[in-house]
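Shown next, in structure tokens, is the structure this report addresses.
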There are 2 protein chains.
Amino acid sequence: MKVSIIGSGNVATHIAKALHQAGIEITAIWSYTPKNAVQLALQIKGVKAVKNIAEMASIKSDFLIISVKDDAIEEVAEQLITYDGIVAHTSGSVSIEALGSLKNYGVFYPLQTFSKHKEVNFKSIPLCLEAKEKTTLQALTTLALLLSEKVHEVNSEKRRILHLSSVFACNFPNYMYSIAQNILQQHELDFDLIKPLINETAQKVQTALPAEVQTGPAVRNDQKTMAKHEELLKLMASQWLEIYRLLSGHIKNNK
Amino acid sequence: MKVSIIGSGNVATHIAKALHQAGIEITAIWSYTPKNAVQLALQIKGVKAVKNIAEMASIKSDFLIISVKDDAIEEVAEQLITYDGIVAHTSGSVSIEALGSLKNYGVFYPLQTFSKHKEVNFKSIPLCLEAKEKTTLQALTTLALLLSEKVHEVNSEKRRILHLSSVFACNFPNYMYSIAQNILQQHELDFDLIKPLINETAQKVQTALPAEVQTGPAVRNDQKTMAKHEELLKLMASQWLEIYRLLSGHIKNNK
């Protein structure tokens with residue numbers, strides 16, 4: 001099986017490396033940033049960094065994976081109309097219709113957060129697939145199963161819901177961590193001190209519903225502690241106080 | 001070494017069991033809810049559930065750990081003035097002064113979130129200690145090192161900051177998880193799908209600063225995706241929309 005890649009960001013990089021490790025031949029890479037395509041090609045044996053996106057359409061491969069910014073997917077797809085294999089984008093929020101100009105297309109969405117310098121274990125990453133044709137879905141499933149044990153068929157509407165929920169499961173918690181880190185830094189306390197807490201909080205909901213393991217002053221309606229926290233936050237940053245009040249209020253009321 | 005325990009909640013339970021496992025004799029337990037004290041005593045060999053709190057002051061032990069609601073600590077302490085050992089509370093936000101009526105006192109604050117039915121590994125939990133007397137601090141340190149490799153001296157003011165930051169590192173992320181779980185449930189999608197994402201998000205900040213690994217539409221200022229998300233949230237719950245807007249706005253501006 002052969003795969004070509006469009007894009008050189010975090011998702012493209014991790015997918016390309018994971019496919020290569022799974023024994024799949026990566027034929028060519030094109031990126032809006034040619035330098036990054038060359039760099040990624042250097043990391044994977046036998047890959048060619050292609051200069052002109054039009055070339056990608058004529059390169060022989062079974063799959064072409066588009067992993068670029070959401071807004072660019074449609075534009076990229078329109079330059080690949082002569083491509084013979086299956087084209088799939090990797091976005092959580094872009095409809096399958098963005099690839100509608102192509103012969104054979106689908107979606108290959110890995111539900112995970114990727115950072116350039118952190119390895120991930122693909123085996124446990126849910127891969128959400130979508131295709132109009134049954135044979136395309138089967139082909140994408142075969143490819144996906146080489147990477148992960150968790151392969152799901154998810155339509156565009158449900159994928160959009162998954163993507164929205166991942167903002168609450170990942171992006172917002174990470175922002176909360178950054179506030180915690182900032183508070184500690186301002187007071188010359190080591191961020192390491194709360195790392196086990198961050199880990200355990202994520203661990204807990206692997207086996208329990210989050211609402212059932214909610215802890216803290218808000219869920220206990222511990223007014224005294226919340227008042228103390230608000231006093232401290234007033235001395236730090238007004239936006240943290242605003243967040244504290246809004247979230248504590250909702251936790252208290254949802255109990 | 002002998003320890004007696006006041007309280008039967010999550011923190012009291014986990015500390016009592018961890019001390020017992022570390023080979024320390026738990027002499028007696030008293031709780032506001034006698035039934036819970038009896039239940040906890042049944043789980044730990046040789047422990048006596050005491051009916052009257054006044055009895056706790058005359059029981060022979062080296063340490064008496066108070067792990068009750070923040071508001072009750074001072075009141076409990078006042079009934080222990082004849083106790084001969086070291087009394088320590090386990091609260092993140094109550095000053096050491098709440099025990100000021102006692103002969104020998106300190107703080108023994110485990111920086112972790114505890115749930116009744118989930119085991120935790122105490123070895124990696126930071127234990128934050130405070131005492132006025134050097135000998136008391138030394139005794140608390142000896143006790144703490146039996147449980148954990150991470151023992152720190154932290155004064156009341158810094159402990160309060162740690163506790164505040166733990167709301168952002170634990171309670172608020174858990175609330176975000178609960179919104180994600182709710183969104184998925186409303187759309188008949190399995191919460192299991194985003195569990196690897198939750199885990200990886202917490203894993204990432206073990207080795208990187210949260211601000212450096214922030215991902216998602218807000219930090220990319222991806223207006224189109226955010227507008228789509230807001231449209232979806234409008235059909236769900238107004239408080240989720242409010243949270244989405246507030247946090248996305250801050251993430252965008254802090255970039």
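The chains in the structure tokens are called A, B, ... from first to last as shown; in each chain the residues are counted from 1, and the ligands are counted from 1 in the order shown.
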
For His89 of chain A, please output as a PyMOL selection string all residues within 6 Å (counting only C-alpha atoms; exclusion window: fewer than 4 positions along the same chain).
chain A and resi 65-67+107-108

Spatial neighbours of segment 242-252 of chain B, max dist 7 Å, only C-alpha atoms, sep filter under 4 positions, as a list in words:
Ala218, Val219, Asn221 and Ser238 of chain B

Using only C-alpha atoms for the distances, tell me which of B:Lys195, B:Lys45, B:Lys134, B:Lys51 is nearest to chain A.
B:Lys195

Using only C-alpha atoms, the best pick from B:Leu197, B:Ser95, B:Ser8, B:Glu133 as closest to Thr225 of chain A would be B:Ser95

For chain B, which residues have at least one atom within 6 Å of chain A, if we go by only C-alpha atoms? Write them as JSON, numbers by chain, please.
{"B": [112, 165, 168, 169, 170, 171, 173, 174, 176, 177, 178, 180, 197, 198, 199, 201, 202, 210, 211, 215, 216]}

Selection export as a PDB file, in the first residue's frame, atoms kept: N, CA and C atoms:
ATOM      1  N   GLN B 112      -3.743  16.200  46.090  1.00  0.00           N
ATOM      2  CA  GLN B 112      -4.308  15.224  45.162  1.00  0.00           C
ATOM      3  C   GLN B 112      -5.830  15.233  45.280  1.00  0.00           C
ATOM      4  N   SER B 165      -4.750  27.031  42.749  1.00  0.00           N
ATOM      5  CA  SER B 165      -4.302  26.569  41.431  1.00  0.00           C
ATOM      6  C   SER B 165      -4.823  25.162  41.154  1.00  0.00           C
ATOM      7  N   PHE B 168      -8.032  25.125  39.282  1.00  0.00           N
ATOM      8  CA  PHE B 168      -7.850  25.262  37.828  1.00  0.00           C
ATOM      9  C   PHE B 168      -7.223  24.012  37.208  1.00  0.00           C
ATOM     10  N   ALA B 169      -6.458  23.274  37.986  1.00  0.00           N
ATOM     11  CA  ALA B 169      -5.774  22.093  37.439  1.00  0.00           C
ATOM     12  C   ALA B 169      -6.621  20.834  37.526  1.00  0.00           C
ATOM     13  N   CYS B 170      -7.625  20.852  38.371  1.00  0.00           N
ATOM     14  CA  CYS B 170      -8.413  19.629  38.609  1.00  0.00           C
ATOM     15  C   CYS B 170      -9.924  19.853  38.500  1.00  0.00           C
ATOM     16  N   ASN B 171     -10.475  20.711  39.352  1.00  0.00           N
ATOM     17  CA  ASN B 171     -11.934  20.845  39.405  1.00  0.00           C
ATOM     18  C   ASN B 171     -12.517  21.388  38.104  1.00  0.00           C
ATOM     19  N   PRO B 173     -11.007  21.472  34.921  1.00  0.00           N
ATOM     20  CA  PRO B 173     -10.896  20.488  33.834  1.00  0.00           C
ATOM     21  C   PRO B 173     -11.938  19.376  33.954  1.00  0.00           C
ATOM     22  N   ASN B 174     -12.173  18.896  35.176  1.00  0.00           N
ATOM     23  CA  ASN B 174     -13.180  17.828  35.328  1.00  0.00           C
ATOM     24  C   ASN B 174     -14.557  18.319  34.900  1.00  0.00           C
ATOM     25  N   MET B 176     -15.086  20.577  32.625  1.00  0.00           N
ATOM     26  CA  MET B 176     -15.016  20.597  31.155  1.00  0.00           C
ATOM     27  C   MET B 176     -15.269  19.197  30.595  1.00  0.00           C
ATOM     28  N   TYR B 177     -14.667  18.184  31.247  1.00  0.00           N
ATOM     29  CA  TYR B 177     -14.915  16.795  30.806  1.00  0.00           C
ATOM     30  C   TYR B 177     -16.410  16.489  30.892  1.00  0.00           C
ATOM     31  N   SER B 178     -17.048  16.969  31.955  1.00  0.00           N
ATOM     32  CA  SER B 178     -18.466  16.625  32.128  1.00  0.00           C
ATOM     33  C   SER B 178     -19.318  17.285  31.043  1.00  0.00           C
ATOM     34  N   ALA B 180     -18.193  17.894  27.953  1.00  0.00           N
ATOM     35  CA  ALA B 180     -17.892  17.066  26.775  1.00  0.00           C
ATOM     36  C   ALA B 180     -18.715  15.781  26.805  1.00  0.00           C
ATOM     37  N   LEU B 197      -7.973  11.241  24.299  1.00  0.00           N
ATOM     38  CA  LEU B 197      -7.656  12.668  24.155  1.00  0.00           C
ATOM     39  C   LEU B 197      -7.482  13.331  25.529  1.00  0.00           C
ATOM     40  N   ILE B 198      -8.378  13.006  26.451  1.00  0.00           N
ATOM     41  CA  ILE B 198      -8.296  13.546  27.818  1.00  0.00           C
ATOM     42  C   ILE B 198      -6.963  13.148  28.454  1.00  0.00           C
ATOM     43  N   ASN B 199      -6.612  11.892  28.296  1.00  0.00           N
ATOM     44  CA  ASN B 199      -5.361  11.385  28.859  1.00  0.00           C
ATOM     45  C   ASN B 199      -4.138  12.062  28.266  1.00  0.00           C
ATOM     46  N   THR B 201      -3.909  14.935  26.786  1.00  0.00           N
ATOM     47  CA  THR B 201      -3.860  16.352  27.148  1.00  0.00           C
ATOM     48  C   THR B 201      -3.175  16.533  28.507  1.00  0.00           C
ATOM     49  N   ALA B 202      -3.496  15.647  29.444  1.00  0.00           N
ATOM     50  CA  ALA B 202      -2.859  15.703  30.769  1.00  0.00           C
ATOM     51  C   ALA B 202      -1.399  15.254  30.692  1.00  0.00           C
ATOM     52  N   PRO B 210       1.908  24.285  29.569  1.00  0.00           N
ATOM     53  CA  PRO B 210       0.587  24.253  28.923  1.00  0.00           C
ATOM     54  C   PRO B 210       0.432  25.300  27.815  1.00  0.00           C
ATOM     55  N   ALA B 211       0.913  26.511  28.050  1.00  0.00           N
ATOM     56  CA  ALA B 211       0.734  27.567  27.052  1.00  0.00           C
ATOM     57  C   ALA B 211       1.434  27.204  25.738  1.00  0.00           C
ATOM     58  N   THR B 215      -3.704  23.817  21.822  1.00  0.00           N
ATOM     59  CA  THR B 215      -4.197  23.563  20.461  1.00  0.00           C
ATOM     60  C   THR B 215      -5.672  23.963  20.384  1.00  0.00           C
ATOM     61  N   GLY B 216      -6.270  23.813  19.208  1.00  0.00           N
ATOM     62  CA  GLY B 216      -7.700  24.092  19.049  1.00  0.00           C
ATOM     63  C   GLY B 216      -7.984  25.334  18.243  1.00  0.00           C
TER      64      GLY B 216
END

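Of note, atom CA of Leu64 of chain A and atom CA of Ala41 of chain A are spaced 15.3 Å apart.
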